[in-house]
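Shown next: coords_24.txt, given as compact mmCIF, C-alpha atoms.
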# COMPACT_ATOMS: atom_id res chain seq x y z
CA MET R 218 0.00 0.00 0.00
CA ARG R 219 2.84 2.44 0.64
CA SER R 220 4.45 2.30 -2.79
CA PRO R 221 1.48 3.78 -4.70
CA LEU R 222 1.39 6.71 -2.34
CA ARG R 223 5.05 7.53 -2.87
CA ILE R 224 4.56 8.17 -6.57
CA PHE R 225 2.23 11.04 -5.77
CA SER R 226 3.37 14.45 -4.63
CA GLY R 227 3.39 15.23 -0.95
CA ILE R 228 0.44 17.59 -1.28
CA TYR R 229 -2.05 14.81 -2.10
CA TRP R 230 -0.78 12.70 0.78
CA ALA R 231 -1.12 15.66 3.11
CA ILE R 232 -4.67 16.39 1.96
CA GLY R 233 -5.76 12.82 2.68
CA LEU R 234 -3.99 12.80 6.02
CA LEU R 235 -5.71 15.99 7.10
CA ALA R 236 -9.06 14.57 6.08
CA PHE R 237 -8.54 11.58 8.38
CA ALA R 238 -6.97 13.59 11.19
CA GLY R 239 -10.32 14.51 12.66
CA CYS R 240 -11.18 10.88 13.40
CA ALA R 241 -10.53 11.05 17.14
CA THR R 242 -12.30 13.71 19.14
CA GLY R 243 -10.88 13.83 22.61
CA PRO R 244 -8.07 11.77 24.14
CA MET R 245 -7.26 8.29 22.91
CA HIS R 246 -8.09 5.49 25.31
CA PRO R 247 -5.57 2.71 26.04
CA PRO R 248 -6.49 -0.39 24.00
CA SER R 249 -8.55 -2.88 25.98
CA SER R 250 -7.19 -6.23 27.02
CA LEU R 251 -8.61 -9.16 25.09
CA PRO R 252 -11.13 -10.19 27.79
CA LEU R 253 -12.43 -6.61 28.03
CA LEU R 254 -12.61 -6.42 24.26
CA VAL R 255 -14.63 -9.64 24.14
CA GLU R 256 -17.08 -8.17 26.65
CA ALA R 257 -17.36 -4.95 24.64
CA LEU R 258 -18.19 -6.96 21.53
CA ARG R 259 -20.85 -8.89 23.44
CA ILE R 260 -22.48 -5.61 24.51
CA GLY R 261 -22.36 -4.08 21.02
CA GLY R 262 -22.12 -0.50 19.80
CA ASN R 263 -18.73 -1.01 18.13
CA VAL R 264 -17.37 -0.79 14.61
CA ILE R 265 -15.09 -3.71 13.74
CA TYR R 266 -12.65 -2.82 10.95
CA MET R 267 -11.18 -6.03 9.52
CA ARG R 268 -8.54 -6.51 6.88
CA HIS R 269 -9.26 -9.34 4.46
CA THR R 270 -7.56 -12.65 5.25
CA THR R 271 -4.40 -13.90 3.50
CA ALA R 272 -4.51 -13.23 -0.24
CA ASP R 273 -1.19 -14.24 -1.78
CA VAL R 274 -2.44 -16.04 -4.90
CA GLY R 275 -1.72 -13.94 -7.99
CA ARG R 276 -1.25 -10.19 -8.09
CA ASP R 277 -3.33 -7.16 -8.98
CA VAL R 278 -2.96 -5.89 -12.53
CA GLN R 279 -4.54 -2.46 -12.77
CA GLY R 280 -6.39 -2.06 -16.03
CA ALA R 281 -9.33 -0.30 -17.58
CA ASP R 282 -12.86 0.02 -16.25
CA ASP R 283 -13.56 -1.12 -12.68
CA TRP R 284 -10.71 -3.64 -12.63
CA TRP R 285 -10.80 -4.03 -8.83
CA LYS R 286 -14.28 -5.60 -8.97
CA LYS R 287 -13.11 -8.57 -11.02
CA CYS R 288 -11.89 -11.96 -9.81
CA GLY R 289 -9.44 -14.52 -11.12
CA GLU R 290 -6.35 -13.88 -13.22
CA GLY R 291 -4.86 -10.44 -12.72
CA HIS R 292 -6.08 -10.15 -9.14
CA ARG R 293 -4.84 -11.15 -5.72
CA MET R 294 -7.07 -13.92 -4.44
CA LEU R 295 -7.46 -15.64 -1.09
CA SER R 296 -5.18 -18.58 -0.44
CA ASP R 297 -6.35 -21.82 1.18
CA LYS R 298 -5.07 -20.40 4.48
CA GLY R 299 -7.03 -17.20 3.92
CA ARG R 300 -10.24 -19.14 3.29
CA ALA R 301 -9.71 -21.33 6.35
CA ASP R 302 -8.94 -18.32 8.56
CA ALA R 303 -12.07 -16.48 7.41
CA ALA R 304 -14.28 -19.50 8.10
CA GLN R 305 -12.72 -20.00 11.54
CA ILE R 306 -13.07 -16.32 12.53
CA GLY R 307 -16.71 -16.33 11.49
CA GLU R 308 -17.37 -19.53 13.45
CA THR R 309 -15.83 -17.99 16.59
CA ILE R 310 -17.89 -14.80 16.27
CA ARG R 311 -21.07 -16.85 15.94
CA ARG R 312 -20.11 -19.16 18.82
CA PHE R 313 -19.53 -16.22 21.15
CA GLY R 314 -22.77 -14.64 20.05
CA PHE R 315 -21.22 -11.28 19.18
CA PRO R 316 -24.17 -9.38 17.67
CA ILE R 317 -23.46 -8.19 14.12
CA SER R 318 -26.19 -6.04 12.60
CA GLU R 319 -24.44 -5.07 9.38
CA VAL R 320 -21.57 -6.31 7.22
CA ARG R 321 -20.03 -3.95 4.67
CA CYS R 322 -17.07 -4.84 2.49
CA SER R 323 -14.76 -3.50 -0.16
CA GLU R 324 -15.58 -4.24 -3.80
CA TYR R 325 -12.32 -6.19 -4.21
CA CYS R 326 -12.87 -9.91 -4.78
CA ARG R 327 -10.64 -10.93 -1.84
CA ALA R 328 -12.67 -8.77 0.54
CA VAL R 329 -16.01 -10.02 -0.77
CA GLU R 330 -14.85 -13.64 -0.48
CA THR R 331 -13.63 -13.06 3.08
CA ALA R 332 -16.99 -11.53 4.03
CA ARG R 333 -18.91 -14.43 2.51
CA LEU R 334 -16.78 -17.02 4.29
CA LEU R 335 -17.36 -15.27 7.61
CA SER R 336 -21.07 -16.11 7.16
CA LEU R 337 -22.27 -13.32 9.44
CA GLY R 338 -25.28 -12.26 7.44
CA ALA R 339 -26.05 -10.39 4.25
CA LEU R 340 -23.18 -8.25 3.02
CA LYS R 341 -23.18 -4.98 1.17
CA THR R 342 -20.27 -3.74 -0.90
CA ASP R 343 -19.25 -0.16 -0.22
CA PRO R 344 -16.69 1.71 -2.38
CA ARG R 345 -15.61 3.70 0.69
CA LEU R 346 -13.86 0.51 1.84
CA ASN R 347 -11.91 0.00 -1.39
CA GLY R 348 -8.13 0.08 -1.52
CA TRP R 349 -6.18 3.18 -2.49
CA PRO R 350 -5.34 1.92 -6.03
CA ALA R 351 -9.06 1.79 -6.86
CA TRP R 352 -9.57 5.31 -5.58
CA LYS R 353 -6.55 6.48 -7.55
CA ALA R 354 -8.21 5.14 -10.70
CA VAL R 355 -11.55 6.81 -9.87
CA ASP R 356 -10.16 10.19 -8.85
CA PRO R 357 -6.40 10.70 -9.30
CA GLU R 358 -6.45 14.16 -7.72
CA ARG R 359 -8.83 13.75 -4.76
CA GLY R 360 -8.98 9.98 -4.34
CA LEU R 361 -6.90 9.87 -1.17
CA GLN R 362 -8.94 12.64 0.42
CA ARG R 363 -12.22 10.93 -0.48
CA LEU R 364 -10.95 7.58 0.81
CA ALA R 365 -9.92 9.13 4.12
CA GLN R 366 -13.24 10.94 4.49
CA GLY R 367 -15.21 7.78 3.68
CA THR R 368 -13.23 5.70 6.16
CA ARG R 369 -13.75 8.28 8.87
CA ALA R 370 -17.49 8.45 8.24
CA LEU R 371 -17.88 4.67 8.51
CA LEU R 372 -15.83 4.40 11.70
CA ALA R 373 -17.64 7.31 13.33
CA ALA R 374 -21.18 6.13 12.57
CA PRO R 375 -22.69 4.77 15.82
CA PRO R 376 -24.39 1.38 15.39
CA ALA R 377 -27.98 1.41 16.63
CA GLN R 378 -27.36 -1.41 19.12
CA GLU R 379 -25.21 -4.22 17.79
CA ASN R 380 -21.77 -4.20 16.15
CA VAL R 381 -21.01 -3.27 12.54
CA LEU R 382 -18.32 -5.18 10.61
CA LEU R 383 -16.31 -3.38 7.93
CA LEU R 384 -14.25 -5.67 5.67
CA SER R 385 -11.50 -3.70 3.95
CA HIS R 386 -7.76 -3.38 3.43
CA LYS R 387 -4.71 -1.97 5.12
CA GLN R 388 -4.99 1.80 4.66
CA ASP R 389 -2.02 4.11 4.88
CA PHE R 390 -3.32 6.89 7.12
CA PRO R 391 -0.45 7.17 9.62
CA ARG R 392 -1.09 9.21 12.76
CA SER R 393 1.10 9.35 15.82
CA THR R 394 -1.86 8.46 18.05
CA ASP R 395 -3.66 6.00 15.81
CA PRO R 396 -1.54 4.16 13.22
CA VAL R 397 -3.62 1.00 13.39
CA LEU R 398 -5.09 1.07 9.88
CA ALA R 399 -1.63 1.35 8.36
CA ASP R 400 -0.26 -1.88 9.81
CA LEU R 401 -3.17 -4.31 10.09
CA LYS R 402 -2.06 -7.85 9.32
CA ASP R 403 -4.09 -10.27 7.20
CA GLY R 404 -7.36 -11.06 8.95
CA GLU R 405 -6.67 -8.66 11.83
CA CYS R 406 -9.48 -6.60 13.34
CA ALA R 407 -9.34 -3.17 14.93
CA VAL R 408 -12.33 -2.45 17.18
CA PHE R 409 -13.51 1.15 17.41
CA THR R 410 -16.27 2.76 19.42
CA PRO R 411 -17.92 5.87 17.89
CA ASP R 412 -18.02 8.73 20.37
CA ALA R 413 -21.31 10.29 19.13
CA ARG R 414 -19.43 13.51 18.37
CA GLY R 415 -18.28 12.62 14.88
CA GLY R 416 -15.18 10.75 16.06
CA PHE R 417 -14.20 7.36 17.44
CA VAL R 418 -11.73 5.70 19.78
CA LEU R 419 -9.72 2.53 19.35
CA ARG R 420 -10.79 -0.16 21.81
CA GLY R 421 -8.26 -2.79 20.79
CA ARG R 422 -7.07 -5.23 18.17
CA ILE R 423 -7.65 -8.92 17.52
CA LYS R 424 -5.22 -10.79 15.28
CA ALA R 425 -6.45 -13.60 13.06
CA GLU R 426 -4.71 -16.19 15.25
CA ASP R 427 -6.24 -14.75 18.46
CA TRP R 428 -9.78 -15.86 17.61
CA ALA R 429 -9.01 -19.56 18.00
CA GLY R 430 -7.77 -18.98 21.57
CA LEU R 431 -10.75 -16.97 22.80
CA ARG R 432 -12.51 -18.48 25.79
In C-alpha cells, what does this structure look like?
Amino acid sequence: MRSPLRIFSGIYWAIGLLAFAGCATGPMHPPSSLPLLVEALRIGGNVIYMRHTTADVGRDVQGADDWWKKCGEGHRMLSDKGRADAAQIGETIRRFGFPISEVRCSEYCRAVETARLLSLGALKTDPRLNGWPAWKAVDPERGLQRLAQGTRALLAAPPAQENVLLLSHKQDFPRSTDPVLADLKDGECAVFTPDARGGFVLRGRIKAEDWAGLR
C-alpha cells in the first residue's frame, strides 16, 4: 500500500492525512485487554474494521474500467489459508454470540470472499472501503482525500445497538496516536467505538490467530 502513495506528490498525501486527522475527538483510550474487548463486543455498539484474510495467490494488474471488482487472473485472491482463517473467525464470532447487525465490504474480490466465508449475514459492498489503487483510478487528484473521508465516516457512525463489521484493506493513514489502519495484518481486526461527536476511539485489536484462543 505504501508504494502507490510515494509516486504522488506530498500535497495529495497531506490532503488525505488531514481529512482523516479529525477521526478522534478527545483523548485516545488505552487499547482494551482481550477479555475486556470480548465483553465490549458482546455488549455491542462497536465498529469492527477487519482486513481481508491472507490473499497471496496472484497479483493485482490495474487495467481499464472497474478492474478491482473482477476476480481470477490479474487479481490477488485468497489462499487456502485465507479461506480457512475467514471461516474460523466467522465460526468464533457466531459461537460467542457477538451481535453483528451489518456487514459492509470492499468491492475487491478478496474482501467479498472473506466476508462471505465469515457467514455473518447479508453483506453490502461499499466503495468507501476499497483500496487506495481503486480510488486512484476513480479520482487521481482527490482519491486519497475521499478515501480518508469515507473511512472516517464509517468508523464514526454509531451502530444502533449491535456491532457493525467493515471488511476492507490496510490503509495508509499514519497518525502518531492512531496508526492501526496502516499496519493491520491479514485477517486482523481493529475495534472502534464511535463517540457520538463525529469521532471514534480505538478499543483494541484482535489478530487472526487470536480468535481460536478466545474463551
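CA of Ser318 (chain R) to CA of Pro350 (chain R) spans 29.1 Å [interatomic distance, one decimal].
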Problem set entry | Selection: 6 Å around Ala272 (chain R), all atoms listed in the file, excl. self and same-chain fewer than 3 positions, as a list in words | Arg293, Met294, Leu295 and Ser296 of chain R
For this session: Could you tell me which of R:Leu371, R:Phe313, R:His269, R:Lys286 comes closest to Leu335 (chain R) if we count only C-alpha atoms?
Result: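 The answer is R:His269, which sits nearest to Leu335 (chain R).
Using only C-alpha atoms, the nearest neighbour of Cys288 (chain R) within the list R:Ile260, R:Val274, R:Cys322, R:Ala365 is R:Val274.
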For this session: Would you please work out which residue, of R:Gly416, R:Gly299, R:Pro252, R:Gly291, is nearest to Gln366 (chain R) when using only C-alpha atoms?
Result: R:Gly416
Problem set entry | Distance of CA of Ala281 (chain R) from CA of Leu398 (chain R), expressed in Å to one decimal place | 27.8 Å
